[in-house]
Structures are given as structure tokens and as C-alpha cells.
file coords-v6.cif (mmCIF, C-alpha atoms, pLDDT in the B column; chains and numbers go by the auth columns)
data_structure
#
loop_
_atom_site.group_PDB
_atom_site.id
_atom_site.type_symbol
_atom_site.label_atom_id
_atom_site.label_comp_id
_atom_site.label_asym_id
_atom_site.label_seq_id
_atom_site.Cartn_x
_atom_site.Cartn_y
_atom_site.Cartn_z
_atom_site.B_iso_or_equiv
_atom_site.auth_seq_id
_atom_site.auth_asym_id
ATOM 1 C CA MET A 1 161.618 -93.407 50.135 49.00 1 A
ATOM 2 C CA LEU A 2 160.006 -90.968 47.721 74.00 2 A
ATOM 3 C CA SER A 3 160.453 -92.975 44.545 88.00 3 A
ATOM 4 C CA LYS A 4 158.260 -96.073 44.388 93.00 4 A
ATOM 5 C CA PRO A 5 158.678 -99.536 42.892 95.00 5 A
ATOM 6 C CA LEU A 6 156.437 -100.486 39.973 97.00 6 A
ATOM 7 C CA PHE A 7 154.969 -103.956 39.429 97.00 7 A
ATOM 8 C CA LEU A 8 153.195 -105.719 36.553 96.00 8 A
ATOM 9 C CA ASP A 9 150.314 -106.810 38.783 93.00 9 A
ATOM 10 C CA GLU A 10 148.935 -106.452 42.296 93.00 10 A
ATOM 11 C CA ASN A 11 150.441 -109.711 43.595 93.00 11 A
ATOM 12 C CA THR A 12 154.057 -109.876 42.439 91.00 12 A
ATOM 13 C CA ASP A 13 157.097 -108.632 44.330 91.00 13 A
ATOM 14 C CA LYS A 14 159.267 -108.606 41.190 94.00 14 A
ATOM 15 C CA GLU A 15 159.928 -104.971 40.322 96.00 15 A
ATOM 16 C CA ALA A 16 158.965 -103.780 36.847 97.00 16 A
ATOM 17 C CA GLY A 17 160.573 -100.369 37.279 97.00 17 A
ATOM 18 C CA THR A 18 160.562 -97.246 39.425 96.00 18 A
ATOM 19 C CA LEU A 19 158.085 -94.375 39.673 95.00 19 A
ATOM 20 C CA ASN A 20 159.971 -91.093 40.109 94.00 20 A
ATOM 21 C CA VAL A 21 159.104 -88.691 42.895 91.00 21 A
ATOM 22 C CA ALA A 22 156.393 -86.057 42.268 92.00 22 A
ATOM 23 C CA THR A 23 155.010 -87.806 39.202 93.00 23 A
ATOM 24 C CA GLU A 24 151.369 -87.181 38.385 92.00 24 A
ATOM 25 C CA VAL A 25 149.449 -90.411 37.883 94.00 25 A
ATOM 26 C CA LYS A 26 145.860 -91.437 37.284 94.00 26 A
ATOM 27 C CA ILE A 27 144.598 -93.920 39.888 93.00 27 A
ATOM 28 C CA LEU A 28 142.685 -96.745 38.210 95.00 28 A
ATOM 29 C CA GLU A 29 142.165 -99.299 40.969 94.00 29 A
ATOM 30 C CA ILE A 30 143.082 -100.022 44.583 93.00 30 A
ATOM 31 C CA LYS A 31 143.523 -103.568 45.917 92.00 31 A
ATOM 32 C CA ASP A 32 144.748 -103.967 49.481 88.00 32 A
ATOM 33 C CA ASN A 33 148.219 -102.384 49.648 90.00 33 A
ATOM 34 C CA ARG A 34 148.632 -101.948 45.902 93.00 34 A
ATOM 35 C CA ILE A 35 147.356 -99.315 43.535 95.00 35 A
ATOM 36 C CA LYS A 36 146.968 -99.555 39.757 96.00 36 A
ATOM 37 C CA ILE A 37 148.141 -96.381 38.059 96.00 37 A
ATOM 38 C CA GLU A 38 148.290 -94.866 34.592 97.00 38 A
ATOM 39 C CA ILE A 39 151.260 -92.730 33.597 97.00 39 A
ATOM 40 C CA ASP A 40 150.986 -90.570 30.491 98.00 40 A
ATOM 41 C CA GLY A 41 154.238 -89.321 29.035 97.00 41 A
ATOM 42 C CA TRP A 42 156.824 -89.588 26.290 98.00 42 A
ATOM 43 C CA ARG A 43 159.787 -91.826 25.601 96.00 43 A
ATOM 44 C CA LYS A 44 162.705 -91.670 23.224 95.00 44 A
ATOM 45 C CA ARG A 45 162.483 -94.352 20.563 89.00 45 A
ATOM 46 C CA MET A 46 165.916 -95.789 21.169 84.00 46 A
ATOM 47 C CA GLY A 47 167.211 -98.848 22.984 79.00 47 A
ATOM 48 C CA ALA A 48 164.480 -100.490 25.016 79.00 48 A
ATOM 49 C CA GLY A 49 162.588 -97.187 25.368 89.00 49 A
ATOM 50 C CA ARG A 50 162.296 -97.806 29.081 94.00 50 A
ATOM 51 C CA VAL A 51 162.544 -94.222 30.394 96.00 51 A
ATOM 52 C CA ILE A 52 159.265 -92.278 30.499 97.00 52 A
ATOM 53 C CA TYR A 53 159.458 -88.485 30.425 97.00 53 A
ATOM 54 C CA ASP A 54 156.962 -85.732 31.250 96.00 54 A
ATOM 55 C CA ASP A 55 156.572 -84.223 27.796 96.00 55 A
ATOM 56 C CA PHE A 56 157.925 -84.228 24.252 96.00 56 A
ATOM 57 C CA GLY A 57 161.581 -83.174 24.148 95.00 57 A
ATOM 58 C CA LEU A 58 161.777 -82.568 27.915 95.00 58 A
ATOM 59 C CA ASN A 59 164.040 -84.769 30.015 95.00 59 A
ATOM 60 C CA ILE A 60 161.844 -84.616 33.122 96.00 60 A
ATOM 61 C CA LEU A 61 161.816 -88.145 34.517 96.00 61 A
ATOM 62 C CA LEU A 62 158.495 -89.795 35.360 97.00 62 A
ATOM 63 C CA ALA A 63 159.411 -93.482 35.484 97.00 63 A
ATOM 64 C CA LYS A 64 162.074 -95.994 34.527 97.00 64 A
ATOM 65 C CA LEU A 65 160.985 -99.444 33.482 97.00 65 A
ATOM 66 C CA THR A 66 163.160 -102.525 33.494 96.00 66 A
ATOM 67 C CA LYS A 67 164.218 -103.651 30.013 95.00 67 A
ATOM 68 C CA GLU A 68 162.059 -106.744 30.422 95.00 68 A
ATOM 69 C CA THR A 69 159.005 -104.654 31.328 96.00 69 A
ATOM 70 C CA ALA A 70 159.566 -102.193 28.461 94.00 70 A
ATOM 71 C CA ARG A 71 159.597 -105.141 26.054 92.00 71 A
ATOM 72 C CA THR A 72 156.510 -106.839 27.553 92.00 72 A
ATOM 73 C CA ASP A 73 153.501 -106.694 25.230 91.00 73 A
ATOM 74 C CA GLY A 74 150.642 -104.575 26.520 92.00 74 A
ATOM 75 C CA VAL A 75 152.624 -102.513 29.048 94.00 75 A
ATOM 76 C CA ILE A 76 153.327 -99.500 26.833 95.00 76 A
ATOM 77 C CA GLU A 77 150.642 -98.076 24.571 95.00 77 A
ATOM 78 C CA ILE A 78 151.994 -95.766 21.852 95.00 78 A
ATOM 79 C CA PHE A 79 149.803 -92.917 20.542 95.00 79 A
ATOM 80 C CA SER A 80 151.984 -90.765 18.331 96.00 80 A
ATOM 81 C CA GLU A 81 155.558 -90.233 17.248 96.00 81 A
ATOM 82 C CA LYS A 82 157.529 -87.167 16.241 96.00 82 A
ATOM 83 C CA GLU A 83 161.101 -86.038 15.747 96.00 83 A
ATOM 84 C CA ASP A 84 162.757 -83.555 18.085 95.00 84 A
ATOM 85 C CA PRO A 85 164.198 -80.881 15.771 94.00 85 A
ATOM 86 C CA LEU A 86 166.947 -80.034 18.295 90.00 86 A
ATOM 87 C CA THR A 87 168.332 -83.572 18.667 91.00 87 A
ATOM 88 C CA GLY A 88 166.986 -85.526 15.696 93.00 88 A
ATOM 89 C CA LEU A 89 165.660 -88.157 18.113 94.00 89 A
ATOM 90 C CA MET A 90 162.254 -89.730 17.610 96.00 90 A
ATOM 91 C CA TRP A 91 159.908 -89.447 20.591 97.00 91 A
ATOM 92 C CA GLN A 92 156.753 -91.477 21.220 97.00 92 A
ATOM 93 C CA GLU A 93 153.736 -90.336 23.210 98.00 93 A
ATOM 94 C CA VAL A 94 152.910 -93.247 25.525 98.00 94 A
ATOM 95 C CA LYS A 95 150.693 -94.527 28.292 98.00 95 A
ATOM 96 C CA ILE A 96 151.766 -97.188 30.772 97.00 96 A
ATOM 97 C CA ILE A 97 149.587 -98.984 33.279 96.00 97 A
ATOM 98 C CA LEU A 98 151.325 -100.675 36.200 97.00 98 A
ATOM 99 C CA TRP A 99 150.908 -101.287 39.917 96.00 99 A
ATOM 100 C CA THR A 100 152.748 -99.723 42.846 95.00 100 A
ATOM 101 C CA ASP A 101 152.539 -99.672 46.628 92.00 101 A
ATOM 102 C CA ASN A 102 149.553 -97.698 47.877 86.00 102 A
ATOM 103 C CA PRO A 103 150.850 -95.374 50.625 78.00 103 A
ATOM 104 C CA TYR A 104 152.202 -91.843 50.163 77.00 104 A
ATOM 105 C CA PHE A 105 150.223 -90.470 47.257 79.00 105 A
ATOM 106 C CA LEU A 106 149.260 -86.787 47.363 80.00 106 A
ATOM 107 C CA SER A 107 146.193 -85.288 45.733 81.00 107 A
ATOM 108 C CA GLU A 108 148.201 -82.187 44.726 80.00 108 A
ATOM 109 C CA LEU A 109 151.869 -81.219 44.400 83.00 109 A
ATOM 110 C CA LYS A 110 151.668 -77.737 45.949 85.00 110 A
ATOM 111 C CA PRO A 111 152.731 -78.833 49.475 85.00 111 A
ATOM 112 C CA ILE A 112 155.699 -80.827 48.206 87.00 112 A
ATOM 113 C CA TRP A 113 156.801 -77.973 45.936 90.00 113 A
ATOM 114 C CA GLY A 114 156.686 -75.604 48.943 89.00 114 A
ATOM 115 C CA TYR A 115 158.949 -77.935 50.919 88.00 115 A
ATOM 116 C CA THR A 116 161.277 -78.376 47.935 89.00 116 A
ATOM 117 C CA GLN A 117 161.505 -74.646 47.273 90.00 117 A
ATOM 118 C CA GLY A 118 162.633 -74.162 50.879 87.00 118 A
ATOM 119 C CA THR A 119 165.221 -76.921 50.511 87.00 119 A
ATOM 120 C CA PHE A 120 166.522 -75.345 47.310 88.00 120 A
ATOM 121 C CA LYS A 121 166.649 -71.847 48.796 86.00 121 A
ATOM 122 C CA THR A 122 168.498 -72.896 51.978 84.00 122 A
ATOM 123 C CA SER A 123 170.869 -75.489 50.510 83.00 123 A
ATOM 124 C CA CYS A 124 171.718 -74.021 47.128 77.00 124 A
ATOM 125 C CA SER A 125 172.824 -70.512 48.069 72.00 125 A
ATOM 126 C CA ILE A 126 175.798 -71.260 50.315 72.00 126 A
ATOM 127 C CA CYS A 127 178.552 -70.838 47.689 72.00 127 A
ATOM 128 C CA HIS A 128 177.114 -68.252 45.289 74.00 128 A
ATOM 129 C CA VAL A 129 174.147 -66.061 44.489 78.00 129 A
ATOM 130 C CA GLN A 130 171.296 -68.388 43.764 82.00 130 A
ATOM 131 C CA PRO A 131 169.670 -68.229 40.332 86.00 131 A
ATOM 132 C CA GLU A 132 165.919 -68.031 40.053 89.00 132 A
ATOM 133 C CA GLU A 133 164.222 -71.306 39.164 91.00 133 A
ATOM 134 C CA SER A 134 163.182 -69.745 35.862 92.00 134 A
ATOM 135 C CA HIS A 135 166.761 -68.757 34.968 92.00 135 A
ATOM 136 C CA PHE A 136 167.323 -72.048 33.082 93.00 136 A
ATOM 137 C CA ASP A 137 165.054 -74.232 30.962 94.00 137 A
ATOM 138 C CA ALA A 138 163.913 -77.733 31.917 95.00 138 A
ATOM 139 C CA ASN A 139 166.647 -79.526 29.971 95.00 139 A
ATOM 140 C CA THR A 140 169.471 -77.280 31.245 95.00 140 A
ATOM 141 C CA TRP A 141 168.708 -77.546 34.976 94.00 141 A
ATOM 142 C CA PRO A 142 169.846 -81.188 35.426 93.00 142 A
ATOM 143 C CA GLY A 143 173.386 -80.423 34.229 93.00 143 A
ATOM 144 C CA ILE A 144 173.641 -77.254 36.324 90.00 144 A
ATOM 145 C CA PHE A 145 172.173 -78.995 39.368 89.00 145 A
ATOM 146 C CA LYS A 146 174.396 -82.090 39.107 88.00 146 A
ATOM 147 C CA GLY A 147 177.442 -79.811 39.003 85.00 147 A
ATOM 148 C CA MET A 148 176.475 -78.381 42.400 85.00 148 A
ATOM 149 C CA LEU A 149 175.702 -81.668 44.187 84.00 149 A
ATOM 150 C CA ALA A 150 179.256 -82.031 45.501 81.00 150 A
ATOM 151 C CA PHE A 151 178.628 -78.994 47.702 84.00 151 A
ATOM 152 C CA VAL A 152 175.399 -80.154 49.395 85.00 152 A
ATOM 153 C CA ARG A 153 174.313 -83.293 51.182 86.00 153 A
ATOM 154 C CA PHE A 154 171.170 -84.610 49.553 87.00 154 A
ATOM 155 C CA ASP A 155 170.048 -88.218 49.651 87.00 155 A
ATOM 156 C CA SER A 156 168.965 -89.633 46.289 87.00 156 A
ATOM 157 C CA ASP A 157 165.259 -88.917 46.898 87.00 157 A
ATOM 158 C CA THR A 158 165.881 -85.281 47.861 89.00 158 A
ATOM 159 C CA GLN A 159 168.178 -84.885 44.866 91.00 159 A
ATOM 160 C CA ALA A 160 165.483 -86.244 42.514 92.00 160 A
ATOM 161 C CA LEU A 161 162.826 -84.052 44.123 92.00 161 A
ATOM 162 C CA VAL A 162 164.843 -80.814 43.905 93.00 162 A
ATOM 163 C CA GLU A 163 165.865 -81.567 40.317 94.00 163 A
ATOM 164 C CA LYS A 164 162.246 -82.159 39.274 95.00 164 A
ATOM 165 C CA TYR A 165 161.151 -79.011 41.150 94.00 165 A
ATOM 166 C CA LEU A 166 163.723 -76.934 39.252 94.00 166 A
ATOM 167 C CA GLN A 167 162.680 -78.442 35.931 96.00 167 A
ATOM 168 C CA LYS A 168 158.938 -77.965 36.546 94.00 168 A
ATOM 169 C CA HIS A 169 159.528 -74.330 37.647 94.00 169 A
ATOM 170 C CA SER A 170 162.006 -73.523 34.875 94.00 170 A
ATOM 171 C CA SER A 171 161.710 -71.009 32.058 95.00 171 A
ATOM 172 C CA THR A 172 160.156 -73.772 29.957 94.00 172 A
ATOM 173 C CA PHE A 173 156.943 -73.376 31.957 90.00 173 A
ATOM 174 C CA ILE A 174 156.860 -69.580 32.284 84.00 174 A
ATOM 175 C CA ILE A 175 153.735 -68.254 30.573 69.00 175 A
ATOM 176 C CA MET A 176 154.412 -64.976 28.831 51.00 176 A
#
call {"tool": "encode", "arguments": {"input": "coords-v6.cif", "output": "C-alpha cells"}}
result
Amino acid sequence: MLSKPLFLDENTDKEAGTLNVATEVKILEIKDNRIKIEIDGWRKRMGAGRVIYDDFGLNILLAKLTKETARTDGVIEIFSEKEDPLTGLMWQEVKIILWTDNPYFLSELKPIWGYTQGTFKTSCSICHVQPEESHFDANTWPGIFKGMLAFVRFDSDTQALVEKYLQKHSSTFIIM
């Protein structure tokens, strides 16, 4: 399993949410089989505000908290707030500190991106000419990708990994 359960502390088994695959975290503490992590990101100020995204206005999933966790005092620290001019939605820059299971953390994403690029290249060119990763922006790739999932056999972890790879290698991140 590439996504990981999140917990409020190092002892509980009650899940507080899910850490998405290939999410950069800051390691704060290690206790036995648990690791305390910090996730810096953004959330939309709507509903419980339980979905944490990579950056302002970009729907690149980092973590999903349970509603209960998102409403628990002290879990989410808010730094700033601004309106997305494209959608009119308010976004908040946030930091969350939670615990997760210790195994399977990488010190860099390069090896996993290499694997994912190969998966994308071999699986996503069967029916048509494959677009370059940079052909679409980070918010367009999920819709395009989900439309093609009926033609490939990806488990949910591989699907999440390829989607995040496409978003992180999209035109949004091309430096001119």
C-alpha cells in the first residue's frame, strides 16, 4: 500500500486520515513503528476543509483528513488565506502535524518518478499517441487521466501515483 494511514498520536489505531502517495513530509520524531510528520500545504476553505493540497490553486492531493480530525483543535495551523481568481474559492495555507506508520519513506522522489514514468509510458500509449507530461497543466491532468482509466488496469495506489506524477511534471511546473 503506497498511501498511508494518519493518526493523532503514536499509540492510537483510530485513523485520522490518509497520507497520499509521493507526498513530501518533514519528519519530526520517530517512536517505535510510528513517525511524527509535518505536512505543509493548502486547503480550500469550504466544508470541513479536510483535503490538503500541494500548493495554492493546485488540486494535487497530499492528504485527506477525517472530518473529525479536520475539526480537532490544534491539528491544522493556518498561516494565510487568499482567493483563487479562477474559481472564487478561498484557500488557506496550512500545516498539519500527525503520526503515521514508519516504514516505506524515501529520502527523495527521483526513483519513484522513474518507475512511474515507465508505467505511464508503457500503459498509457496503447490506444493513442501519448501526450507529453507537460502537455496539460496540473489541474487538467486528473480529468484527462480519469477518462483513460477504463482502458488500463491500475490498482488504486498505482492510479494515485501516476496521477500525481503527471501533475508534478505538468506544464504548471515547466520553467521557461
call {"tool": "closest_residue", "arguments": {"input": "coords-v6.cif", "among": "A:Val162, A:Val25, A:Val75, A:Ala63", "to": "Ile37 of chain A", "atoms": "only C-alpha atoms"}}
result
A:Val25
call {"tool": "resolve_selection", "arguments": {"input": "coords-v6.cif", "expression": "the PyMOL selection byres ((chain A and resi 105) around 12)", "output": "VMD selection string"}}
result
chain A and resid 2 to 4 19 21 to 27 34 to 35 37 100 to 104 106 to 109 112
call {"tool": "resolve_selection", "arguments": {"input": "coords-v6.cif", "expression": "the PyMOL selection byres ((chain A and resi 164-174) around 10)", "output": "PyMOL selection string"}}
result
chain A and resi 20-23+54+58-62+112-114+116-117+120+132-142+145+158-163+175-176
call {"tool": "closest_residue", "arguments": {"input": "coords-v6.cif", "among": "A:Gly118, A:Gly41, A:Gly47, A:Gly143", "to": "Glu81 of chain A", "atoms": "only C-alpha atoms"}}
result
A:Gly41
call {"tool": "atom_distance", "arguments": {"input": "coords-v6.cif", "atom1": "atom CA of Glu29 of chain A", "atom2": "atom CA of Val51 of chain A"}}
result
23.5 Å
call {"tool": "residues_around", "arguments": {"input": "coords-v6.cif", "residues": "Ser80 of chain A", "least_positions_apart": "4", "cutoff": "10 Å", "atoms": "all atoms listed in the file", "output": "PyMOL selection string"}}
result
chain A and resi 42+91-94
call {"tool": "write_last_selection", "arguments": {"input": "coords-v6.cif", "atoms": "C-alpha atoms", "output": "PDB file, keeping the file's coordinate frame"}}
result
ATOM      1  CA  TRP A  42     156.824 -89.588  26.290  1.00 98.00           C
ATOM      2  CA  TRP A  91     159.908 -89.447  20.591  1.00 97.00           C
ATOM      3  CA  GLN A  92     156.753 -91.477  21.220  1.00 97.00           C
ATOM      4  CA  GLU A  93     153.736 -90.336  23.210  1.00 98.00           C
ATOM      5  CA  VAL A  94     152.910 -93.247  25.525  1.00 98.00           C
TER       6      VAL A  94
END
call {"tool": "residues_around", "arguments": {"input": "coords-v6.cif", "residues": "segment 121-125 of chain A", "least_positions_apart": "4", "cutoff": "9 Å", "atoms": "all atoms listed in the file", "output": "tab-separated table (two decimals) with C-alpha atoms, in the coordinates of the input"}}
result
chain	number	residue	atom	x	y	z
A	116	THR	CA	161.28	-78.38	47.94
A	117	GLN	CA	161.50	-74.65	47.27
A	129	VAL	CA	174.15	-66.06	44.49
A	130	GLN	CA	171.30	-68.39	43.76
A	131	PRO	CA	169.67	-68.23	40.33
A	148	MET	CA	176.48	-78.38	42.40
A	151	PHE	CA	178.63	-78.99	47.70
A	152	VAL	CA	175.40	-80.15	49.40
A	153	ARG	CA	174.31	-83.29	51.18
call {"tool": "resolve_selection", "arguments": {"input": "coords-v6.cif", "expression": "the PyMOL selection byres ((chain A and resi 44) around 6)", "output": "tab-separated table (two decimals) with C-alpha atoms, in the frame of the given file"}}
result
chain	number	residue	atom	x	y	z
A	43	ARG	CA	159.79	-91.83	25.60
A	45	ARG	CA	162.48	-94.35	20.56
A	46	MET	CA	165.92	-95.79	21.17
A	49	GLY	CA	162.59	-97.19	25.37
A	90	MET	CA	162.25	-89.73	17.61
A	91	TRP	CA	159.91	-89.45	20.59
